[in-house]
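Dumped model-v4.cif below, it's mmCIF, C-alpha atoms and all ligand atoms:
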```cif
data_run
loop_
_atom_site.label_atom_id
_atom_site.label_comp_id
_atom_site.auth_asym_id
_atom_site.auth_seq_id
_atom_site.Cartn_x
_atom_site.Cartn_y
_atom_site.Cartn_z
CA MET M 1 -135.58 83.69 -167.07
CA ASP M 2 -138.96 85.46 -166.80
CA LYS M 3 -138.97 89.21 -167.35
CA TYR M 4 -141.49 91.79 -166.20
CA ILE M 5 -141.98 95.54 -166.19
CA ILE M 6 -143.90 96.53 -163.06
CA THR M 7 -145.27 100.03 -162.44
CA GLY M 8 -146.07 101.13 -158.89
CA VAL M 9 -143.26 98.87 -157.68
CA SER M 10 -143.01 100.90 -154.47
CA GLY M 11 -146.69 100.39 -153.57
CA PHE M 12 -148.38 97.67 -151.54
CA ILE M 13 -149.18 95.33 -154.42
CA GLY M 14 -146.16 96.24 -156.58
CA SER M 15 -143.69 95.57 -153.76
CA HIS M 16 -145.30 92.18 -153.08
CA PHE M 17 -144.77 91.26 -156.74
CA LEU M 18 -141.05 91.74 -156.05
CA ASP M 19 -141.32 89.28 -153.13
CA CYS M 20 -142.73 86.53 -155.30
CA LEU M 21 -140.37 87.08 -158.25
CA PRO M 22 -136.98 86.42 -156.61
CA ASN M 23 -135.50 84.84 -159.74
CA SER M 24 -136.99 87.05 -162.43
CA HIS M 25 -135.70 90.12 -164.21
CA VAL M 26 -137.80 93.09 -163.14
CA LEU M 27 -137.74 96.62 -164.44
CA GLY M 28 -139.67 98.51 -161.76
CA ILE M 29 -141.11 102.00 -162.09
CA TYR M 30 -141.74 104.16 -159.05
CA HIS M 31 -142.60 107.83 -158.62
CA GLN M 32 -141.87 109.43 -155.21
CA ASN M 33 -140.62 106.50 -153.12
CA PRO M 34 -137.90 104.02 -154.06
CA PRO M 35 -138.98 100.35 -153.76
CA PRO M 36 -138.25 98.50 -150.50
CA THR M 37 -135.68 96.16 -152.06
CA ARG M 38 -132.30 97.02 -153.53
CA PRO M 39 -131.57 97.10 -157.25
CA SER M 40 -129.37 94.28 -158.56
CA ASP M 41 -128.35 92.76 -161.88
CA ALA M 42 -131.83 91.28 -162.13
CA ARG M 43 -133.66 94.36 -160.81
CA ILE M 44 -133.57 97.80 -162.29
CA TYR M 45 -135.68 100.58 -160.80
CA THR M 46 -136.42 103.76 -162.63
CA ARG M 47 -138.14 106.88 -161.39
CA HIS M 48 -140.81 108.16 -163.70
CA ASP M 49 -144.02 110.15 -163.40
CA LEU M 50 -146.46 108.06 -165.41
CA THR M 51 -148.69 111.06 -166.00
CA THR M 52 -146.09 111.90 -168.65
CA PRO M 53 -145.44 109.60 -171.64
CA LEU M 54 -143.21 106.57 -171.18
CA ASN M 55 -142.26 105.94 -174.76
CA ASN M 56 -138.68 107.11 -174.73
CA LYS M 57 -138.01 106.67 -171.04
CA LEU M 58 -137.48 102.93 -170.60
CA PRO M 59 -134.53 101.19 -172.19
CA ILE M 60 -135.86 100.31 -175.66
CA ALA M 61 -133.90 97.08 -175.50
CA ASN M 62 -136.10 95.95 -172.63
CA ASP M 63 -137.50 92.67 -173.83
CA SER M 64 -139.99 91.97 -171.05
CA PRO M 65 -143.11 90.75 -172.80
CA VAL M 66 -145.48 92.11 -170.16
CA VAL M 67 -146.18 95.30 -168.20
CA ILE M 68 -147.98 94.85 -164.87
CA HIS M 69 -149.52 98.25 -164.21
CA CYS M 70 -149.96 98.64 -160.43
CA ALA M 71 -149.31 102.39 -160.27
CA ALA M 72 -152.43 104.34 -159.40
CA TYR M 73 -153.92 107.06 -157.25
CA PRO M 74 -155.99 104.67 -155.14
CA HIS M 75 -157.35 106.63 -152.16
CA ILE M 76 -161.16 106.96 -152.06
CA ASN M 77 -161.27 110.12 -149.93
CA LYS M 78 -158.30 111.89 -151.53
CA CYS M 79 -159.78 111.23 -154.96
CA GLU M 80 -163.22 112.46 -153.94
CA VAL M 81 -162.13 115.88 -152.67
CA GLU M 82 -160.89 116.68 -156.17
CA ARG M 83 -163.90 115.35 -158.08
CA ASN M 84 -164.89 118.86 -159.17
CA LEU M 85 -161.47 119.31 -160.80
CA GLY M 86 -162.41 116.60 -163.31
CA ARG M 87 -159.54 115.96 -165.74
CA GLU M 88 -157.27 118.23 -163.70
CA SER M 89 -157.66 116.05 -160.58
CA LEU M 90 -154.81 113.85 -159.35
CA ALA M 91 -157.15 110.86 -159.59
CA TRP M 92 -157.79 111.47 -163.30
CA LYS M 93 -154.10 112.00 -163.98
CA GLY M 94 -152.90 109.07 -161.82
CA ASN M 95 -155.54 106.58 -162.95
CA VAL M 96 -156.61 107.62 -166.44
CA VAL M 97 -153.71 109.57 -167.99
CA ALA M 98 -151.12 107.19 -166.50
CA THR M 99 -152.98 104.17 -167.89
CA GLN M 100 -153.20 105.79 -171.34
CA ASN M 101 -149.43 106.34 -171.25
CA VAL M 102 -148.86 102.68 -170.33
CA ILE M 103 -151.25 101.62 -173.13
CA ASP M 104 -149.29 103.72 -175.63
CA TYR M 105 -146.04 102.11 -174.49
CA CYS M 106 -147.49 98.59 -174.70
CA LYS M 107 -148.87 99.24 -178.18
CA LYS M 108 -145.61 100.70 -179.43
CA PHE M 109 -143.44 97.87 -178.10
CA LYS M 110 -146.04 95.08 -178.40
CA LYS M 111 -146.27 94.14 -174.73
CA LYS M 112 -149.04 92.39 -172.87
CA LEU M 113 -150.75 94.85 -170.49
CA VAL M 114 -152.03 93.86 -167.05
CA LEU M 115 -154.12 96.58 -165.35
CA LEU M 116 -154.83 96.27 -161.61
CA SER M 117 -158.34 97.44 -160.89
CA THR M 118 -160.86 97.49 -158.10
CA GLU M 119 -164.32 96.55 -156.84
CA CYS M 120 -164.98 100.32 -156.66
CA VAL M 121 -166.03 100.24 -160.33
CA PHE M 122 -169.30 98.78 -158.92
CA SER M 123 -171.91 100.41 -156.65
CA GLY M 124 -172.03 97.65 -154.00
CA GLU M 125 -175.85 97.37 -154.14
CA LYS M 126 -175.68 93.74 -155.36
CA GLU M 127 -174.47 91.07 -152.96
CA SER M 128 -171.61 90.03 -155.24
CA TYR M 129 -170.25 91.00 -158.67
CA THR M 130 -169.05 88.95 -161.64
CA GLU M 131 -166.87 90.19 -164.49
CA THR M 132 -169.90 90.80 -166.73
CA ASP M 133 -171.89 92.92 -164.26
CA LYS M 134 -172.57 96.51 -165.24
CA LYS M 135 -170.21 99.05 -163.72
CA ASN M 136 -171.67 101.94 -161.71
CA PRO M 137 -169.10 103.53 -159.38
CA ASN M 138 -170.08 105.40 -156.20
CA ASN M 139 -166.90 107.42 -155.97
CA TRP M 140 -164.45 109.39 -158.13
CA TYR M 141 -161.71 106.81 -157.55
CA GLY M 142 -163.93 104.04 -158.94
CA TYR M 143 -165.05 106.26 -161.80
CA THR M 144 -161.48 107.02 -162.89
CA LYS M 145 -160.49 103.33 -162.58
CA SER M 146 -163.54 102.41 -164.67
CA VAL M 147 -162.48 104.90 -167.37
CA ALA M 148 -158.97 103.39 -167.26
CA GLU M 149 -160.45 99.91 -167.75
CA ASP M 150 -162.46 101.13 -170.75
CA LEU M 151 -159.33 102.68 -172.27
CA VAL M 152 -157.61 99.28 -172.07
CA VAL M 153 -160.61 97.37 -173.46
CA ASN M 154 -160.93 99.81 -176.39
CA SER M 155 -157.18 100.27 -176.94
CA GLY M 156 -156.81 97.75 -179.73
CA ILE M 157 -154.45 95.69 -177.53
CA SER M 158 -155.89 92.19 -177.76
CA ASP M 159 -153.57 90.67 -175.18
CA PHE M 160 -154.58 92.42 -171.98
CA LEU M 161 -155.67 91.47 -168.49
CA ILE M 162 -157.78 93.62 -166.21
CA VAL M 163 -157.64 92.13 -162.72
CA ARG M 164 -159.98 93.50 -160.07
CA GLY M 165 -159.14 92.84 -156.42
CA VAL M 166 -160.85 93.79 -153.15
CA VAL M 167 -159.18 95.26 -150.04
CA ALA M 168 -155.85 93.44 -150.22
CA TYR M 169 -154.20 92.41 -146.97
CA GLY M 170 -150.95 90.70 -146.09
CA GLN M 171 -147.79 90.71 -144.07
CA ASP M 172 -145.82 93.96 -143.76
CA GLY M 173 -145.31 95.84 -146.99
CA VAL M 174 -146.02 99.48 -147.60
CA GLY M 175 -149.08 101.51 -148.47
CA ASN M 176 -152.65 100.35 -147.87
CA ASN M 177 -152.99 97.30 -145.63
CA ILE M 178 -156.02 96.98 -143.37
CA ILE M 179 -154.40 94.33 -141.16
CA GLN M 180 -151.54 96.60 -140.28
CA GLY M 181 -153.92 99.43 -139.41
CA LEU M 182 -155.91 97.15 -137.09
CA VAL M 183 -152.82 95.68 -135.42
CA ASN M 184 -151.36 99.15 -134.87
CA ASN M 185 -154.56 100.33 -133.18
CA LEU M 186 -154.99 97.19 -131.07
CA VAL M 187 -151.37 96.88 -129.97
CA TYR M 188 -150.32 100.52 -129.64
CA LYS M 189 -153.60 102.24 -128.76
CA GLY M 190 -155.17 99.24 -127.01
CA LYS M 191 -158.48 99.57 -128.88
CA THR M 192 -160.05 99.99 -132.28
CA LYS M 193 -163.39 100.68 -133.95
CA ALA M 194 -164.57 98.38 -136.72
CA VAL M 195 -167.49 98.51 -139.13
CA ILE M 196 -170.36 96.02 -138.79
CA ASP M 197 -172.55 96.86 -141.80
CA GLN M 198 -170.13 96.39 -144.71
CA LYS M 199 -169.36 93.02 -146.31
CA ILE M 200 -165.96 92.55 -147.92
CA SER M 201 -164.25 89.67 -149.75
CA PHE M 202 -160.85 90.60 -148.23
CA THR M 203 -158.13 89.36 -150.58
CA TYR M 204 -154.84 87.85 -149.44
CA ILE M 205 -152.00 89.62 -151.23
CA ASP M 206 -150.35 86.42 -152.53
CA ASP M 207 -153.61 85.42 -154.21
CA ILE M 208 -153.44 88.66 -156.20
CA THR M 209 -149.75 88.58 -157.10
CA LYS M 210 -149.37 84.83 -157.68
CA GLY M 211 -152.81 84.70 -159.27
CA ILE M 212 -151.87 87.36 -161.82
CA LEU M 213 -148.61 85.55 -162.60
CA ALA M 214 -150.62 82.34 -163.12
CA LEU M 215 -152.98 84.14 -165.51
CA ILE M 216 -149.98 85.48 -167.44
CA LYS M 217 -148.37 82.00 -167.63
CA ASN M 218 -151.73 80.63 -168.77
CA ASN M 219 -151.82 83.18 -171.63
CA SER M 220 -155.20 84.34 -170.33
CA SER M 221 -156.68 87.62 -171.43
CA GLY M 222 -159.78 89.63 -170.51
CA ILE M 223 -161.27 90.69 -167.19
CA PHE M 224 -160.82 88.61 -164.01
CA HIS M 225 -161.87 89.01 -160.40
CA ILE M 226 -159.44 87.80 -157.73
CA ALA M 227 -161.10 88.01 -154.31
CA GLY M 228 -161.01 86.13 -151.03
CA SER M 229 -163.27 83.09 -150.70
CA GLN M 230 -164.72 84.23 -147.35
CA ILE M 231 -166.92 87.28 -146.92
CA ALA M 232 -166.64 89.15 -143.62
CA THR M 233 -167.27 92.55 -142.07
CA PRO M 234 -164.32 94.65 -140.85
CA TYR M 235 -165.66 93.96 -137.31
CA GLU M 236 -165.39 90.19 -137.86
CA LEU M 237 -161.87 90.70 -139.19
CA ALA M 238 -160.94 92.73 -136.09
CA LEU M 239 -162.28 89.98 -133.79
CA LYS M 240 -160.27 87.35 -135.66
CA MET M 241 -157.13 89.48 -135.17
CA CYS M 242 -157.90 89.83 -131.44
CA ARG M 243 -158.29 86.06 -131.04
CA ARG M 244 -155.01 85.48 -132.87
CA LEU M 245 -153.17 88.16 -130.86
CA LYS M 246 -154.85 87.08 -127.59
CA ILE M 247 -156.39 90.52 -127.09
CA ALA M 248 -159.77 90.87 -125.33
CA LEU M 249 -162.61 91.05 -127.85
CA ASN M 250 -164.14 94.05 -126.08
CA LYS M 251 -161.21 96.17 -127.29
CA VAL M 252 -163.06 96.31 -130.62
CA LYS M 253 -166.01 98.68 -130.72
CA PRO M 254 -168.59 97.77 -133.40
CA VAL M 255 -169.71 100.83 -135.35
CA THR M 256 -171.76 101.50 -138.48
CA MET M 257 -170.23 102.83 -141.69
CA VAL M 258 -171.88 106.18 -140.96
CA ASP M 259 -170.34 106.26 -137.44
CA PHE M 260 -166.93 105.26 -138.75
CA PHE M 261 -166.67 107.38 -141.89
CA GLY M 262 -169.32 110.09 -141.37
CA SER M 263 -172.43 110.20 -143.55
CA ASP M 264 -170.83 111.80 -146.63
CA GLU M 265 -167.85 109.44 -146.78
CA ALA M 266 -169.99 106.38 -145.95
CA LYS M 267 -171.96 107.00 -149.17
CA LEU M 268 -168.74 106.58 -151.15
CA ARG M 269 -168.17 103.08 -149.73
CA LEU M 270 -169.64 99.85 -151.12
CA LYS M 271 -172.10 98.10 -148.80
CA ASN M 272 -171.04 94.87 -150.48
CA ALA M 273 -167.40 95.07 -151.54
CA VAL M 274 -167.63 91.52 -152.81
CA LEU M 275 -166.29 90.08 -156.07
CA ASN M 276 -166.97 86.59 -157.38
CA ALA M 277 -163.71 84.82 -158.32
CA GLN M 278 -165.29 81.76 -160.01
CA LYS M 279 -163.94 82.62 -163.50
CA PHE M 280 -160.43 82.92 -162.05
CA LEU M 281 -160.83 79.53 -160.32
CA GLU M 282 -162.06 77.83 -163.49
CA THR M 283 -159.29 79.39 -165.60
CA THR M 284 -156.30 78.78 -163.33
CA GLY M 285 -157.47 76.04 -160.94
CA ARG M 286 -156.42 78.33 -158.09
CA LYS M 287 -158.85 78.74 -155.18
CA THR M 288 -158.28 81.94 -153.26
CA VAL M 289 -157.81 81.57 -149.52
CA SER M 290 -160.41 82.38 -146.87
CA LEU M 291 -159.82 85.19 -144.39
CA ASP M 292 -159.04 82.62 -141.67
CA GLU M 293 -156.45 80.93 -143.89
CA GLY M 294 -154.96 84.28 -144.93
CA ILE M 295 -154.54 85.41 -141.33
CA GLU M 296 -152.85 82.11 -140.47
CA LYS M 297 -150.44 82.58 -143.38
CA ILE M 298 -149.47 86.00 -142.02
CA PHE M 299 -148.78 84.56 -138.55
CA LEU M 300 -146.87 81.60 -139.97
CA ARG M 301 -144.51 83.99 -141.69
CA TYR M 302 -144.20 86.28 -138.67
CA PRO M 303 -145.05 84.20 -135.59
N1 LIG Z 401 -154.52 97.62 -152.12
C1 LIG Z 401 -155.76 97.21 -152.34
O1 LIG Z 401 -156.48 96.84 -151.40
C2 LIG Z 401 -156.31 97.16 -153.75
C3 LIG Z 401 -157.54 96.55 -153.95
C4 LIG Z 401 -158.06 96.51 -155.25
C5 LIG Z 401 -157.35 97.07 -156.29
N2 LIG Z 401 -156.16 97.66 -156.05
C6 LIG Z 401 -155.45 98.25 -157.20
O2 LIG Z 401 -154.12 97.80 -157.19
C7 LIG Z 401 -153.26 98.84 -157.64
C8 LIG Z 401 -152.14 99.06 -156.65
O3 LIG Z 401 -152.68 99.41 -155.38
P1 LIG Z 401 -151.74 99.58 -154.10
O4 LIG Z 401 -152.57 99.30 -152.92
O5 LIG Z 401 -150.46 98.83 -154.31
O6 LIG Z 401 -151.45 101.15 -154.16
P2 LIG Z 401 -150.34 102.00 -153.36
O7 LIG Z 401 -149.74 101.18 -152.27
O8 LIG Z 401 -150.96 103.29 -153.00
O9 LIG Z 401 -149.23 102.25 -154.46
C9 LIG Z 401 -149.46 103.10 -155.55
C10 LIG Z 401 -148.24 103.08 -156.44
O10 LIG Z 401 -148.49 103.93 -157.57
C11 LIG Z 401 -147.33 104.74 -157.77
N3 LIG Z 401 -147.71 105.99 -158.41
C12 LIG Z 401 -148.68 106.85 -158.02
N4 LIG Z 401 -148.71 107.91 -158.86
C13 LIG Z 401 -147.74 107.69 -159.79
C14 LIG Z 401 -147.27 108.41 -160.91
N5 LIG Z 401 -147.80 109.61 -161.27
N6 LIG Z 401 -146.26 107.91 -161.65
C15 LIG Z 401 -145.70 106.72 -161.31
N7 LIG Z 401 -146.10 105.98 -160.25
C16 LIG Z 401 -147.11 106.47 -159.50
C17 LIG Z 401 -146.78 104.98 -156.38
O11 LIG Z 401 -145.42 105.35 -156.51
P3 LIG Z 401 -144.61 106.18 -155.36
O12 LIG Z 401 -144.98 105.56 -154.03
O13 LIG Z 401 -143.18 105.94 -155.72
O14 LIG Z 401 -145.02 107.59 -155.47
C18 LIG Z 401 -146.96 103.58 -155.76
O15 LIG Z 401 -145.89 102.75 -156.14
C19 LIG Z 401 -154.15 100.05 -157.90
O16 LIG Z 401 -154.46 100.10 -159.26
C20 LIG Z 401 -155.40 99.75 -157.12
O17 LIG Z 401 -156.51 100.31 -157.77
C21 LIG Z 401 -155.62 97.73 -154.80
#
```
Can you turn what I pasted into structure tokens?
Ligand SMILES: NC(=O)c1ccc[n+]([C@@H]2O[C@H](COP(=O)([O-])OP(=O)(O)OC[C@H]3O[C@@H](n4cnc5c(N)ncnc54)[C@H](OP(=O)(O)O)[C@@H]3O)[C@@H](O)[C@H]2O)c1
Amino acid sequence: MDKYIITGVSGFIGSHFLDCLPNSHVLGIYHQNPPPTRPSDARIYTRHDLTTPLNNKLPIANDSPVVIHCAAYPHINKCEVERNLGRESLAWKGNVVATQNVIDYCKKFKKKLVLLSTECVFSGEKESYTETDKKNPNNWYGYTKSVAEDLVVNSGISDFLIVRGVVAYGQDGVGNNIIQGLVNNLVYKGKTKAVIDQKISFTYIDDITKGILALIKNNSSGIFHIAGSQIATPYELALKMCRRLKIALNKVKPVTMVDFFGSDEAKLRLKNAVLNAQKFLETTGRKTVSLDEGIEKIFLRYP
């Protein structure tokens, strides 16, 4: 039976890993919130603040060969307000210190390390980014994730994966999920605003989770982008949701990034939050779904 250690198991991506590993042994690490599924013989959950070392915390006998590190402090605005705190900021601790602690654990117990990362390591000036493009983050979140990536690359661990995704969406779950935000506004408030001048390769959650598991099974290592195969603006996404929910299209008000976020916060966002997933396709043979296909998958599960 496959065995995995997953950090951030209570978060949006971590909890979806649980959904697609029904028959695997999972040791899940959470911090403030227990995961949405119950522990069992095959699932052990342990509470641990990853900003403190892991070495003696997990059962040493744990023989999972891989740690999937989803835990992070992934909020652009919350990270930014603490930029001037530098290494004392929650973003530095949650993204950099926590990753160093996971690296130390993986080195000590010879585990493969999979780090979840983000398009925010790039500036968004280019139309699309490949794995070899130069990093140049606009925001403190992206900067701390970029430092975490560099720690992994320079850690001496040869068997690592760094997987960058872009704005993950999917059915239910917890944490960040743009679809749920839109549906809540449209259904409960009867209207929403949506941005027209930002392009995003929205990524269906199963492409990230199942894609990472495929990379692990394939013994792949290095940096990979997993991103949706259709680029759209948040406004186009909102219109697609309206059509699917049979809600009048004029319930969505098109706005610019500056109108939506304000001028200071708009500068933190990527104009083109677009990653190229060609290397992932060539390595695994898996083509990520388009936004239209992803939305259909959500409605097929929850008609
Ligand atoms: N969601 C996206 O659209 C997206 C896109 C690209 C990349 N990513 C990357 O994917 C990863 C996961 O994102 P997500 O959306 O799943 O985030 P999320 O829903 O906000 O979940 C974050 C997780 O990290 C845990 N955590 C935070 N601080 C911790 C600490 N000090 N010690 C232990 N655990 C801690 C949280 O635990 P508690 O809840 O228990 O406190 C939670 O389980 C991140 O690295 C992010 O950069 C996400």
Selection within 7 Å of ligand LIG 401 (chain Z) by only C-alpha atoms and all ligand atoms, output as a PyMOL selection string: chain M and resi 7-14+29-34+48-51+70-74+94+98+116-119+145+164-169+174-177
If you keep C-alpha atoms, can you produce a file of those selected residues as a JSON list (two decimals), in the frame of the given file?
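Resulting contents of result-v4.json:
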```json
[["chain", "number", "residue", "atom", "x", "y", "z"],
["M", 7, "THR", "CA", -145.27, 100.03, -162.44],
["M", 8, "GLY", "CA", -146.07, 101.13, -158.89],
["M", 9, "VAL", "CA", -143.26, 98.87, -157.68],
["M", 10, "SER", "CA", -143.01, 100.90, -154.47],
["M", 11, "GLY", "CA", -146.69, 100.39, -153.57],
["M", 12, "PHE", "CA", -148.38, 97.67, -151.54],
["M", 13, "ILE", "CA", -149.18, 95.33, -154.42],
["M", 14, "GLY", "CA", -146.16, 96.24, -156.58],
["M", 29, "ILE", "CA", -141.11, 102.00, -162.09],
["M", 30, "TYR", "CA", -141.74, 104.16, -159.05],
["M", 31, "HIS", "CA", -142.60, 107.83, -158.62],
["M", 32, "GLN", "CA", -141.87, 109.43, -155.21],
["M", 33, "ASN", "CA", -140.62, 106.50, -153.12],
["M", 34, "PRO", "CA", -137.90, 104.02, -154.06],
["M", 48, "HIS", "CA", -140.81, 108.16, -163.70],
["M", 49, "ASP", "CA", -144.02, 110.15, -163.40],
["M", 50, "LEU", "CA", -146.46, 108.06, -165.41],
["M", 51, "THR", "CA", -148.69, 111.06, -166.00],
["M", 70, "CYS", "CA", -149.96, 98.64, -160.43],
["M", 71, "ALA", "CA", -149.31, 102.39, -160.27],
["M", 72, "ALA", "CA", -152.43, 104.34, -159.40],
["M", 73, "TYR", "CA", -153.92, 107.06, -157.25],
["M", 74, "PRO", "CA", -155.99, 104.67, -155.14],
["M", 94, "GLY", "CA", -152.90, 109.07, -161.82],
["M", 98, "ALA", "CA", -151.12, 107.19, -166.50],
["M", 116, "LEU", "CA", -154.83, 96.27, -161.61],
["M", 117, "SER", "CA", -158.34, 97.44, -160.89],
["M", 118, "THR", "CA", -160.86, 97.49, -158.10],
["M", 119, "GLU", "CA", -164.32, 96.55, -156.84],
["M", 145, "LYS", "CA", -160.49, 103.33, -162.58],
["M", 164, "ARG", "CA", -159.98, 93.50, -160.07],
["M", 165, "GLY", "CA", -159.14, 92.84, -156.42],
["M", 166, "VAL", "CA", -160.85, 93.79, -153.15],
["M", 167, "VAL", "CA", -159.18, 95.26, -150.04],
["M", 168, "ALA", "CA", -155.85, 93.44, -150.22],
["M", 169, "TYR", "CA", -154.20, 92.41, -146.97],
["M", 174, "VAL", "CA", -146.02, 99.48, -147.60],
["M", 175, "GLY", "CA", -149.08, 101.51, -148.47],
["M", 176, "ASN", "CA", -152.65, 100.35, -147.87],
["M", 177, "ASN", "CA", -152.99, 97.30, -145.63]]
```
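We find CA of Lys110 (chain M) and CA of Ser24 (chain M) to be spaced 20.0 Å apart.
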Quick one: residues within 9 Å of Leu115 (chain M), all atoms listed in the file, excluding same-chain residues fewer than 5 positions away - as a ChimeraX atom specification? /M:67-70,99,148-149,152,160-164
Based on the selection just made, write C-alpha atoms of those residues as a PDB file, keeping the file's coordinate frame.
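Result saved to part-v8.pdb:
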```pdb
ATOM      1  CA  VAL M  67    -146.180  95.300-168.200  1.00  0.00           C
ATOM      2  CA  ILE M  68    -147.980  94.850-164.870  1.00  0.00           C
ATOM      3  CA  HIS M  69    -149.520  98.250-164.210  1.00  0.00           C
ATOM      4  CA  CYS M  70    -149.960  98.640-160.430  1.00  0.00           C
ATOM      5  CA  THR M  99    -152.980 104.170-167.890  1.00  0.00           C
ATOM      6  CA  ALA M 148    -158.970 103.390-167.260  1.00  0.00           C
ATOM      7  CA  GLU M 149    -160.450  99.910-167.750  1.00  0.00           C
ATOM      8  CA  VAL M 152    -157.610  99.280-172.070  1.00  0.00           C
ATOM      9  CA  PHE M 160    -154.580  92.420-171.980  1.00  0.00           C
ATOM     10  CA  LEU M 161    -155.670  91.470-168.490  1.00  0.00           C
ATOM     11  CA  ILE M 162    -157.780  93.620-166.210  1.00  0.00           C
ATOM     12  CA  VAL M 163    -157.640  92.130-162.720  1.00  0.00           C
ATOM     13  CA  ARG M 164    -159.980  93.500-160.070  1.00  0.00           C
TER      14      ARG M 164
END
```
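Proximity to region 133-138 of chain M at 6 Å, evaluated using all atoms listed in the file and with sequence-adjacent residues fewer than 4 positions away removed, yields Cys120, Val121, Phe122, Ser123, Gly142, Tyr143 and Leu268 of chain M.
Residues of protein, DNA or RNA having at least one counted atom within 6 Å of (-160.9, 107.1, -157.5), given only C-alpha atoms, are M:Pro74, M:Ile76, M:Cys79, M:Ala91, M:Trp140, M:Tyr141, M:Gly142, M:Thr144.
Take the candidates M:Tyr188, M:Arg43, M:Glu82, M:Arg286 and check each one against Lys210 (chain M) using all atoms listed in the file; the shortest distance goes to M:Arg286.
For the atom pair formed by CA of Val97 (chain M) and CA of Asn154 (chain M), the distance is 14.8 Å, given to one decimal.
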Hey, can you check how far CA of Ala227 (chain M) sits from CA of Thr209 (chain M)? 11.7 Å
Quick one: everything within 12 Å of Ala277 (chain M), counting all atoms listed in the file, minus sequence neighbours fewer than 3 positions away in the same chain. Send it as a compact mmCIF listing (two decimals) with C-alpha atoms, in the frame of the given file.
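Heads up, here's the output in around.txt:
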```txt
# COMPACT_ATOMS: atom_id res chain seq x y z
CA GLU M 119 -164.32 96.55 -156.84
CA SER M 128 -171.61 90.03 -155.24
CA TYR M 129 -170.25 91.00 -158.67
CA THR M 130 -169.05 88.95 -161.64
CA GLU M 131 -166.87 90.19 -164.49
CA VAL M 163 -157.64 92.13 -162.72
CA ARG M 164 -159.98 93.50 -160.07
CA GLY M 165 -159.14 92.84 -156.42
CA VAL M 166 -160.85 93.79 -153.15
CA SER M 201 -164.25 89.67 -149.75
CA PHE M 202 -160.85 90.60 -148.23
CA THR M 203 -158.13 89.36 -150.58
CA ASP M 207 -153.61 85.42 -154.21
CA ILE M 208 -153.44 88.66 -156.20
CA GLY M 211 -152.81 84.70 -159.27
CA ILE M 223 -161.27 90.69 -167.19
CA PHE M 224 -160.82 88.61 -164.01
CA HIS M 225 -161.87 89.01 -160.40
CA ILE M 226 -159.44 87.80 -157.73
CA ALA M 227 -161.10 88.01 -154.31
CA GLY M 228 -161.01 86.13 -151.03
CA SER M 229 -163.27 83.09 -150.70
CA GLN M 230 -164.72 84.23 -147.35
CA VAL M 274 -167.63 91.52 -152.81
CA PHE M 280 -160.43 82.92 -162.05
CA LEU M 281 -160.83 79.53 -160.32
CA GLU M 282 -162.06 77.83 -163.49
CA THR M 283 -159.29 79.39 -165.60
CA THR M 284 -156.30 78.78 -163.33
CA GLY M 285 -157.47 76.04 -160.94
CA ARG M 286 -156.42 78.33 -158.09
CA LYS M 287 -158.85 78.74 -155.18
CA THR M 288 -158.28 81.94 -153.26
CA VAL M 289 -157.81 81.57 -149.52
```
Between M:Pro254, M:Pro39, M:Gly124, M:Gly294, single out the one closest to Asn272 (chain M), counting all atoms listed in the file. M:Gly124
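Candidate residues M:Glu296, M:Lys112, M:Lys251, M:Asp41 were compared for distance to Lys189 (chain M), and the nearest is M:Lys251, using all atoms listed in the file.
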